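Engineer: Hey, dropping target31.pdb in here, PDB, C-alpha atoms:
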```
ATOM      1  CA  MET A 221     -17.001  -5.619   4.512  1.00  0.00           C
ATOM      2  CA  ALA A 222     -14.462  -2.947   5.538  1.00  0.00           C
ATOM      3  CA  GLN A 223     -13.249  -5.093   8.441  1.00  0.00           C
ATOM      4  CA  ALA A 224     -12.482  -7.987   6.067  1.00  0.00           C
ATOM      5  CA  SER A 225     -10.536  -5.642   3.779  1.00  0.00           C
ATOM      6  CA  ILE A 226      -8.493  -4.313   6.685  1.00  0.00           C
ATOM      7  CA  ALA A 227      -7.774  -7.845   7.904  1.00  0.00           C
ATOM      8  CA  LEU A 228      -6.632  -8.965   4.442  1.00  0.00           C
ATOM      9  CA  LEU A 229      -4.458  -5.882   4.057  1.00  0.00           C
ATOM     10  CA  LEU A 230      -2.806  -6.500   7.430  1.00  0.00           C
ATOM     11  CA  LEU A 231      -2.325 -10.172   6.573  1.00  0.00           C
ATOM     12  CA  ALA A 232      -0.634  -9.219   3.289  1.00  0.00           C
ATOM     13  CA  LEU A 233       1.599  -6.773   5.178  1.00  0.00           C
ATOM     14  CA  VAL A 234       2.664  -9.460   7.652  1.00  0.00           C
ATOM     15  CA  ILE A 235       3.382 -11.940   4.834  1.00  0.00           C
ATOM     16  CA  ASP A 236       5.453  -9.305   3.006  1.00  0.00           C
ATOM     17  CA  LEU A 237       7.421  -8.531   6.165  1.00  0.00           C
ATOM     18  CA  VAL A 238       8.077 -12.229   6.836  1.00  0.00           C
ATOM     19  CA  LYS A 239       8.982 -13.181   3.242  1.00  0.00           C
ATOM     20  CA  ARG A 240      10.980 -10.039   2.375  1.00  0.00           C
ATOM     21  CA  ASP A 241      14.290 -11.653   3.364  1.00  0.00           C
ATOM     22  CA  ASP A 242      13.736 -14.454   0.835  1.00  0.00           C
ATOM     23  CA  ALA A 243      14.003 -11.899  -1.984  1.00  0.00           C
ATOM     24  CA  THR A 244      17.121 -10.123  -0.739  1.00  0.00           C
ATOM     25  CA  GLY A 245      19.550  -9.512  -3.577  1.00  0.00           C
ATOM     26  CA  THR A 246      16.988 -10.064  -6.330  1.00  0.00           C
ATOM     27  CA  TRP A 247      14.922  -7.630  -8.372  1.00  0.00           C
ATOM     28  CA  GLN A 248      11.852  -8.816  -6.445  1.00  0.00           C
ATOM     29  CA  ALA A 249      13.205  -7.253  -3.239  1.00  0.00           C
ATOM     30  CA  SER A 250      12.192  -3.806  -4.455  1.00  0.00           C
ATOM     31  CA  HIS A 251       8.618  -5.040  -4.879  1.00  0.00           C
ATOM     32  CA  PHE A 252       8.421  -6.137  -1.252  1.00  0.00           C
ATOM     33  CA  SER A 253       9.620  -2.708  -0.120  1.00  0.00           C
ATOM     34  CA  TRP A 254       7.180  -1.025  -2.526  1.00  0.00           C
ATOM     35  CA  ARG A 255       4.201  -2.980  -1.163  1.00  0.00           C
ATOM     36  CA  ILE A 256       5.208  -2.493   2.468  1.00  0.00           C
ATOM     37  CA  ARG A 257       5.627   1.268   1.991  1.00  0.00           C
ATOM     38  CA  SER A 258       2.323   1.457   0.099  1.00  0.00           C
ATOM     39  CA  VAL A 259       0.392  -0.249   2.899  1.00  0.00           C
ATOM     40  CA  LEU A 260       2.081   1.746   5.658  1.00  0.00           C
ATOM     41  CA  TRP A 261       1.544   5.114   3.933  1.00  0.00           C
ATOM     42  CA  ALA A 262      -2.072   4.274   3.110  1.00  0.00           C
ATOM     43  CA  GLY A 263      -2.676   3.231   6.719  1.00  0.00           C
ATOM     44  CA  VAL A 264      -1.185   6.445   8.070  1.00  0.00           C
ATOM     45  CA  LEU A 265      -3.182   8.558   5.616  1.00  0.00           C
ATOM     46  CA  TYR A 266      -6.411   6.744   6.495  1.00  0.00           C
ATOM     47  CA  LEU A 267      -5.775   7.284  10.212  1.00  0.00           C
ATOM     48  CA  VAL A 268      -4.908  10.960   9.767  1.00  0.00           C
ATOM     49  CA  THR A 269      -8.038  11.620   7.702  1.00  0.00           C
ATOM     50  CA  ALA A 270     -10.379   9.498   9.872  1.00  0.00           C
ATOM     51  CA  PRO A 271     -11.531  12.536  11.914  1.00  0.00           C
ATOM     52  CA  LEU A 272     -12.957  14.000   8.702  1.00  0.00           C
ATOM     53  CA  TRP A 273     -15.537  11.208   8.744  1.00  0.00           C
ATOM     54  CA  LEU A 274     -16.548  12.129  12.253  1.00  0.00           C
ATOM     55  CA  LEU A 275     -16.737  15.853  11.615  1.00  0.00           C
ATOM     56  CA  PHE A 276     -17.746  16.127   7.972  1.00  0.00           C
ATOM     57  CA  LEU A 277     -19.025  13.240   5.868  1.00  0.00           C
ATOM     58  CA  VAL A 278     -18.237  14.569   2.390  1.00  0.00           C
ATOM     59  CA  PRO A 279     -14.602  15.647   3.025  1.00  0.00           C
ATOM     60  CA  GLY A 280     -13.932  12.268   4.656  1.00  0.00           C
ATOM     61  CA  TRP A 281     -15.419  10.464   1.683  1.00  0.00           C
ATOM     62  CA  ILE A 282     -13.344  12.545  -0.736  1.00  0.00           C
ATOM     63  CA  ALA A 283     -10.120  12.076   1.246  1.00  0.00           C
ATOM     64  CA  TRP A 284     -10.550   8.312   1.530  1.00  0.00           C
ATOM     65  CA  GLY A 285     -11.508   8.091  -2.140  1.00  0.00           C
ATOM     66  CA  LEU A 286      -8.295   9.891  -3.126  1.00  0.00           C
ATOM     67  CA  ILE A 287      -6.200   7.715  -0.814  1.00  0.00           C
ATOM     68  CA  SER A 288      -7.807   4.591  -2.254  1.00  0.00           C
ATOM     69  CA  LEU A 289      -7.112   5.742  -5.822  1.00  0.00           C
ATOM     70  CA  TRP A 290      -3.475   6.459  -4.921  1.00  0.00           C
ATOM     71  CA  PHE A 291      -3.186   3.011  -3.304  1.00  0.00           C
ATOM     72  CA  LEU A 292      -4.748   1.325  -6.342  1.00  0.00           C
ATOM     73  CA  TYR A 293      -2.288   3.181  -8.605  1.00  0.00           C
ATOM     74  CA  ARG A 294       0.651   1.886  -6.550  1.00  0.00           C
ATOM     75  CA  ILE A 295      -0.636  -1.689  -6.595  1.00  0.00           C
ATOM     76  CA  VAL A 296      -1.262  -1.662 -10.360  1.00  0.00           C
ATOM     77  CA  LYS A 297       2.106  -0.017 -11.071  1.00  0.00           C
ATOM     78  CA  GLY A 298       3.854  -2.674  -8.982  1.00  0.00           C
ATOM     79  CA  MET A 299       1.998  -5.509 -10.712  1.00  0.00           C
ATOM     80  CA  VAL A 300       2.798  -4.151 -14.183  1.00  0.00           C
ATOM     81  CA  ARG A 301       6.496  -3.859 -13.381  1.00  0.00           C
ATOM     82  CA  MET A 302       6.556  -7.280 -11.692  1.00  0.00           C
ATOM     83  CA  ASN A 303       4.948  -8.924 -14.730  1.00  0.00           C
ATOM     84  CA  ALA A 304       7.638  -7.269 -16.869  1.00  0.00           C
ATOM     85  CA  ASN A 305      10.349  -8.655 -14.516  1.00  0.00           C
ATOM     86  CA  GLN A 306      11.424  -5.115 -13.638  1.00  0.00           C
ATOM     87  CA  PRO A 307      12.365  -3.799 -10.205  1.00  0.00           C
ATOM     88  CA  MET A 308      10.612  -0.818  -8.706  1.00  0.00           C
ATOM     89  CA  GLU A 309      12.214   2.596  -8.367  1.00  0.00           C
ATOM     90  CA  PRO A 310      15.011   3.095  -5.844  1.00  0.00           C
ATOM     91  CA  ALA A 311      14.079   2.432  -2.235  1.00  0.00           C
ATOM     92  CA  ASN A 312      14.305   6.104  -1.288  1.00  0.00           C
ATOM     93  CA  VAL A 313      11.257   6.930  -3.451  1.00  0.00           C
ATOM     94  CA  VAL A 314       7.959   7.013  -1.570  1.00  0.00           C
TER      95      VAL A 314
END
```
Mind turning this structure into structure tokens?

Structural biologist:
Amino acid sequence: MAQASIALLLLALVIDLVKRDDATGTWQASHFSWRIRSVLWAGVLYLVTAPLWLLFLVPGWIAWGLISLWFLYRIVKGMVRMNANQPMEPANVV
């Protein structure tokens, strides 16, 4: 199950990277950047906290749970603003 989720996430990242230029100059461009940054940050955080799973089960579970909640928040926030036809915050905001 986790492998399918990772594959879908990477596929979405590739699609966003390929299609980002189509939205240049529109309010949707900020959404592409938002999604790309969300996936990249989540990936880095998952990799950095992966040793917790190997050393200590509970801290790894807690760390990945918090990262997943943060990622879900970013996805929902982006969807809400997209449905309202609003751009995301400035690009310099993580």

Engineer: For A:Ser288, which residue out of A:Leu233, A:Val259, A:Thr244, A:His251 is the nearest one, using only C-alpha atoms?

Structural biologist: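 Result for the nearest residue to A:Ser288: A:Val259.
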
Engineer: Please evaluate the PyMOL selection byres ((chain A and resi 283) around 10) against the displayed coordinates and give the resulting residues as a ChimeraX atom specification.

Structural biologist: /A:265-266,269-270,272-273,278-282,284-289

Engineer: Which protein, DNA or RNA residues are at most 12 Å from (13.7, -1.3, -0.6) in the file's coordinates when you count all atoms listed in the file, listed as a tab-separated table (two decimals) with C-alpha atoms, in the coordinates of the input?

Structural biologist:
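File point06.tsv, as written:
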```tsv
chain	number	residue	atom	x	y	z
A	237	LEU	CA	7.42	-8.53	6.16
A	240	ARG	CA	10.98	-10.04	2.38
A	241	ASP	CA	14.29	-11.65	3.36
A	243	ALA	CA	14.00	-11.90	-1.98
A	244	THR	CA	17.12	-10.12	-0.74
A	245	GLY	CA	19.55	-9.51	-3.58
A	246	THR	CA	16.99	-10.06	-6.33
A	247	TRP	CA	14.92	-7.63	-8.37
A	248	GLN	CA	11.85	-8.82	-6.44
A	249	ALA	CA	13.20	-7.25	-3.24
A	250	SER	CA	12.19	-3.81	-4.46
A	251	HIS	CA	8.62	-5.04	-4.88
A	252	PHE	CA	8.42	-6.14	-1.25
A	253	SER	CA	9.62	-2.71	-0.12
A	254	TRP	CA	7.18	-1.02	-2.53
A	255	ARG	CA	4.20	-2.98	-1.16
A	256	ILE	CA	5.21	-2.49	2.47
A	257	ARG	CA	5.63	1.27	1.99
A	258	SER	CA	2.32	1.46	0.10
A	307	PRO	CA	12.36	-3.80	-10.20
A	308	MET	CA	10.61	-0.82	-8.71
A	309	GLU	CA	12.21	2.60	-8.37
A	310	PRO	CA	15.01	3.10	-5.84
A	311	ALA	CA	14.08	2.43	-2.24
A	312	ASN	CA	14.30	6.10	-1.29
A	313	VAL	CA	11.26	6.93	-3.45
A	314	VAL	CA	7.96	7.01	-1.57
```

Engineer: State, in Å with one decimal place, the distance from atom CA of A:Leu230 to atom CA of A:Ala262.

Structural biologist: 11.6 Å

Engineer: Between A:Ala227, A:Leu274, A:Phe291, A:Lys239, single out the one closest to A:Trp261, counting all atoms listed in the file.

Structural biologist: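 Between A:Ala227, A:Leu274, A:Phe291, A:Lys239, the residue approaching A:Trp261 most closely is A:Phe291.
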
Engineer: Please report, as lines of an AutoDock Vina configuration file, the centre and edge lengths in Å to one decimal of an axis-aligned box covering all listed atoms of stretch 222-240 of chain A with 5 Å per side.

Structural biologist:
```
center_x = -1.7
center_y = -8.1
center_z = 5.4
size_x = 35.4
size_y = 20.2
size_z = 16.1
```

Engineer: So which one's closest to A:Gly263, A:Ile226, A:Leu277, A:Leu292, A:Ile235? Using all atoms listed in the file, please.

Structural biologist: A:Ile226

Engineer: When you draw a straight line from atom CA of A:Tyr293 to atom CA of A:Pro271, how long is it in Å?

Structural biologist: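 Separation of atom CA of A:Tyr293 and atom CA of A:Pro271: 24.4 Å.
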
Engineer: What's the separation between atom CA of A:Ala304 and atom CA of A:Val234, in Å to one decimal place?

Structural biologist: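 Separating atom CA of A:Ala304 from atom CA of A:Val234 is a distance of 25.1 Å.
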